[in-house]
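Written out below as structure tokens is the structure these notes cover.
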Amino acid sequence: MELLSGYARFVVRFWWVILIAVVIVTAICGGIGFGLSSLPSFDKPTKGFEARGTEIKGADIVFDRLKHFAKFTLQACDVQHALPFNLPASFTCMNNLNKRKKRSSLYCTTIGEYRPKFIFKSVSGGNLFTVKKLKEMHMYVEKKKQGLNSYAQVWSVCSFVAALSNTTCQNLNQADLTYASGVLQTCSKYFHDDDLKECPPSVGDCSGNGIPQVCCSHGAVYKILNYLADKGFYGKNNPSTQMKYSMVMLSSSYSQTEAVRFFKSEFEGLSTIQVGEVELIGLDFDAAFKLFNSYMLSDSIYFLVAIIFILVIMFLYLRSIAVTFATLFNILFSVVIAYFFYNIVFQVPFFPFMNAMSFLLLVAVGADDVFVFYDLWLDGKKTNPESSLEENLVYTIRHAGLSILVTSLTTASAFFANLSNKITSIKLFGIFSGICILVNFIIVMTWTPAIIIASEKGWKRFCHNSNQCCVLSKYWDKFQNTLTKMSEFVYGKMLPIVVNKLWFVWILVFLAVGIAGTVFVFYKPGLKRPSSKDLQLFPDSHLFTKYDKFKGNFKFKSTTDNEIGFSLYWGPVNEDNGNHLNPDDLGTVSFESFDMSSQAAQSFMLNQCDQMMNDSFLNEQYRNGAYNPVCFPKAMKLLLTLKNCHFTASNGAIVDISPCCNQPSFPVAPDVYKKCTILSAVAGEVLGTPVNTTLLSADQLTQLKKISQAVRSQSYFGVPWFDTTGHLKAYQISGLTSSPFIELYDTMDTFYANLHSFRNRHLAGSPSGLSNGWVGVTYNYGNFYDLQKSMYIGTYQSFGITLGVALVVKFITTLNVMLTFYALLTMTLSVFTTIGCLVLLGWELNILESVAISLAVGLSIDFSIHYSVAYRLLTENCRSKRVEKTVSLIGSAVTMAALTTFVAGASLMGAHILAYLQLGTFLMLVMVFSWLFATLFFMSLCRIIGPLGNVGQIPFSISGWKKCIKSNRKSKSNSFYLTDQDENNSDLNTAEYHNKIVPDHDEI
């Protein structure tokens, strides 16, 4: 109490010191925070939307980065010291072993990617493969390309069908279309068997492979079936002559700036465009991120609109220009200081675009705090008009400070709870937003009272020195009186009557609504995991979003045709040891020891060559030998048991590979196997033609040729990896599974169960040196499943943490079991009602939705806390009177807090970015239901079964603890156990006990 009085005295006397100090601290933090680091960049808004620290991510890092820490091919001269044999003096090193010539062809390499793409469908839903519709699609794009580059070629089904008949799209007729249909029907089977290539081979090559020459003409069949027609059109499994969707492309790519300009001038605001009998339903200019950045800048106007509306509402309610604009500075100061702590103090290197949304959330929360603080300031003046500024400030801080502290802690905990999530962007959003909330609390408790005191003193001085004061006061007082009467009528009479008279109705209605919301979330339709691995940046109606929706209908964009690859590793450690808060820091690949040289290990790995290759989990073509990879253990057995030890190397030198040959039996001695393993890395140089082929069988010669080719083509089934000194670091077995990649969570979950079963099945009974092998998915096919799984687990973890913290903070605030339970019930029903509405709106458990669920807890409990604190501090012994007084005292502030947050959300509904639209929708829903549940349901519970006196109260008093400590110090015994006499005297009646221990409302 003395500390509080001293602080109030300091603020009243030296308010100007606090104001100057806050401005200076903010300026210093801003100068350091923004001056010593680059400004945030949102060039890639999806950056950071990945799980970190998971087993799947660790496998991805090993697969992607192993080549940076080890090599599977080495220069023989570089590792001569590690070879078990000597290179002859005539041996010269072979350079650029792995360099390959790249083919360059415009049609070959880039037709499907990084080109402007247009997706069409028939207006009637019918077949697009008609002369009229093919021409309409082609000519529409031909006309539109003038806005980009008039010299660009239009690639369409029409243009390639015309090429088959040596005509043009404009001159296409029904005979040409009939001929093309016959060609497609004949050649489609060659396409689906992967016999056709995008780059047409020479005439002889095409005919030599048994493929009709027409199938290779202009590459038309390949381009139509792979790029330009939907995959059902002459498809593999269920071929159809009906073309449902068609894609048209331009031959030239453009800068993203040009593409954005072209999109805005021609297509912005359009969801479909009808062109005769066809309609454009999707676009891709490879400029979504650039357009997103452009919208982020233009959509910032909605933040400004939200701030203006909130300031107007605050001014009308607070009736103070100084406090209204002080709130705006509260928010600005909080963001600047929070960025300093985020970037400089905590050294967080990445700032995702989601953090920008913290500003709007802070506007809502900051306004809430100021409403409560200033409302209680005015209540103190009204209750005790003769009190001094210092006395009124003490009253305000004692009552408002507790509510603001608790709501700040619960909201901050909702943000910080996201640290349990493994998604980088969600973690960082939680960190920055949580810091913002805590800094805002400090600013509100320092800057705001200083502004209020300055305003009070400044107004009195102005009235004393100005002749206009009376005139201004007359009109201002009249305006204030009008608003006050309206507020007193609504919150002093009407709303208390609604609660006190209809409490049974509200309890039944909101229980039913809350239960219904819970059913929507957990049962039907249920909160679903994300269904697409592409992060949606724009609304469903946006042409870029619709392209993402329909692109899977084309073979070159379809993932279901791709079997998932796997790798079984020994040596690399499956871990993500990079900075999980920095998407660019993937860490390093660390290694652990393993032994594949023991005789038991040699036999085990040799047996696995056949066992794995015959496992039904692998792709059928692998099992049938179509890929014909060289199994490393078999290659080692062949080399080690060869009678011939002399080879003519690729540079003509004769190399004796002893002792890596002519071994009497297999498995060989462990030291020989260990030394000779490196031979696989230099086989391309060293193992040329055997000097004495008479010692080898035809099969051995064939196998030797395959081994040499395997090094160049990377087709080993089992690859040893070495460091630059030639030491074995890792062993990797890779292949294709029989499972196609599907984005559905349950399907991928079953796949991963089968993958680990495959690993356990083949490593059962492995020697001790090989028992630590682990398996992972290649080429990032597991990333989306990892994101789904981490999102699901992290969301409910965050929700549980937030709920627990809110429960503890709420209980500590009131020390009342009943009020804590009522607030918990109110918040839970409100949260599930909000989320249930979002589920009905089609929301999935994606990035923003995950944050919204945990944030809903922090925002939903705020109003219940304000009401429960006010209810607890009142002394009326009648529940209806307490409810009436509580609503009258704090109801208007709670309503204004809800209104400002609702307006902030509504202001975003004109934005182009989906995240802003979702945030606006969430804020509106959570505020509506939070206010309704807190005001009508929570207060109705207090009306019928609210605690009176010390009912449900946990006895606790700081002064009581001080007395207890002093008495213990004077006690002769240091024991805390009761003596027999203490036990006999401890049976105090409840009233006497509470009178001694429980503080009155002013002490809480």
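Ordering of the structure tokens sets the chain letters (A, B, ...); residue numbers start at 1 within each chain; ligands are numbered from 1 in the order shown.
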
Next on the checklist: I need the alpha helix (DSSP H) residues of stretch 773-899 of chain A per DSSP on the backbone, written as number ranges by chain.
Outcome noted: A: 783-814, 817-840, 847-873, 879-899

Item to check | All residues 6 Å or closer to stretch 944-954 of chain A, only C-alpha atoms, same chain fewer than 2 positions away omitted, as a PyMOL selection string | outcome: chain A and resi 815-818+941-942

Resulting file, chosen residues, all heavy atoms, as a PDB file, in the first residue's frame:
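Printed below is again-v3.pdb as written:
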```pdb
ATOM      1  N   LEU A 815      -9.062 -15.657  -5.863  1.00  0.00           N
ATOM      2  CA  LEU A 815      -8.941 -16.636  -4.770  1.00  0.00           C
ATOM      3  C   LEU A 815     -10.307 -17.232  -4.433  1.00  0.00           C
ATOM      4  O   LEU A 815     -10.560 -17.624  -3.301  1.00  0.00           O
ATOM      5  CB  LEU A 815      -8.328 -15.989  -3.519  1.00  0.00           C
ATOM      6  CG  LEU A 815      -6.868 -15.561  -3.639  1.00  0.00           C
ATOM      7  CD1 LEU A 815      -6.426 -14.854  -2.364  1.00  0.00           C
ATOM      8  CD2 LEU A 815      -5.979 -16.742  -3.948  1.00  0.00           C
ATOM      9  N   ASN A 816     -11.175 -17.291  -5.470  1.00  0.00           N
ATOM     10  CA  ASN A 816     -12.513 -17.824  -5.256  1.00  0.00           C
ATOM     11  C   ASN A 816     -12.751 -18.975  -6.217  1.00  0.00           C
ATOM     12  O   ASN A 816     -12.683 -18.808  -7.443  1.00  0.00           O
ATOM     13  CB  ASN A 816     -13.570 -16.735  -5.475  1.00  0.00           C
ATOM     14  CG  ASN A 816     -14.946 -17.178  -5.005  1.00  0.00           C
ATOM     15  OD1 ASN A 816     -15.610 -17.959  -5.670  1.00  0.00           O
ATOM     16  ND2 ASN A 816     -15.368 -16.663  -3.856  1.00  0.00           N
ATOM     17  N   VAL A 817     -13.009 -20.157  -5.674  1.00  0.00           N
ATOM     18  CA  VAL A 817     -13.182 -21.353  -6.485  1.00  0.00           C
ATOM     19  C   VAL A 817     -14.397 -21.231  -7.395  1.00  0.00           C
ATOM     20  O   VAL A 817     -14.360 -21.609  -8.578  1.00  0.00           O
ATOM     21  CB  VAL A 817     -13.314 -22.593  -5.581  1.00  0.00           C
ATOM     22  CG1 VAL A 817     -13.582 -23.844  -6.424  1.00  0.00           C
ATOM     23  CG2 VAL A 817     -12.072 -22.779  -4.735  1.00  0.00           C
ATOM     24  N   MET A 818     -15.484 -20.686  -6.881  1.00  0.00           N
ATOM     25  CA  MET A 818     -16.717 -20.609  -7.653  1.00  0.00           C
ATOM     26  C   MET A 818     -16.578 -19.660  -8.836  1.00  0.00           C
ATOM     27  O   MET A 818     -16.958 -19.985  -9.963  1.00  0.00           O
ATOM     28  CB  MET A 818     -17.870 -20.184  -6.742  1.00  0.00           C
ATOM     29  CG  MET A 818     -18.175 -21.179  -5.639  1.00  0.00           C
ATOM     30  SD  MET A 818     -19.460 -20.607  -4.505  1.00  0.00           S
ATOM     31  CE  MET A 818     -20.888 -20.631  -5.599  1.00  0.00           C
ATOM     32  N   LEU A 941     -24.975 -16.634 -14.104  1.00  0.00           N
ATOM     33  CA  LEU A 941     -24.503 -17.604 -13.120  1.00  0.00           C
ATOM     34  C   LEU A 941     -24.269 -16.933 -11.767  1.00  0.00           C
ATOM     35  O   LEU A 941     -24.620 -17.480 -10.715  1.00  0.00           O
ATOM     36  CB  LEU A 941     -23.206 -18.267 -13.612  1.00  0.00           C
ATOM     37  CG  LEU A 941     -23.321 -19.233 -14.797  1.00  0.00           C
ATOM     38  CD1 LEU A 941     -21.940 -19.706 -15.223  1.00  0.00           C
ATOM     39  CD2 LEU A 941     -24.199 -20.428 -14.442  1.00  0.00           C
ATOM     40  N   CYS A 942     -23.674 -15.742 -11.811  1.00  0.00           N
ATOM     41  CA  CYS A 942     -23.456 -14.997 -10.563  1.00  0.00           C
ATOM     42  C   CYS A 942     -24.794 -14.586  -9.934  1.00  0.00           C
ATOM     43  O   CYS A 942     -24.915 -14.512  -8.709  1.00  0.00           O
ATOM     44  CB  CYS A 942     -22.596 -13.769 -10.834  1.00  0.00           C
ATOM     45  SG  CYS A 942     -20.887 -14.143 -11.298  1.00  0.00           S
TER      46      CYS A 942
END
```

Item to check | Selection: 12 Å around A:Leu360, only C-alpha atoms, excl. self and same-chain fewer than 6 positions, as a ChimeraX atom specification | outcome: /A:300,302-307,310,328,331-332,335,354,366-367,433,436-437,900-908,916,919-920,923

Next on the checklist: Taking 3 positions as the minimum chain separation for residues in the same chain, which residues sit within 10 Å of A:Leu428 when counting only C-alpha atoms? Answer as a count of residues only.
Outcome noted: 23

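The coordinates place atom CA of A:Ala82 at 7.9 Å from atom CA of A:Ile678.
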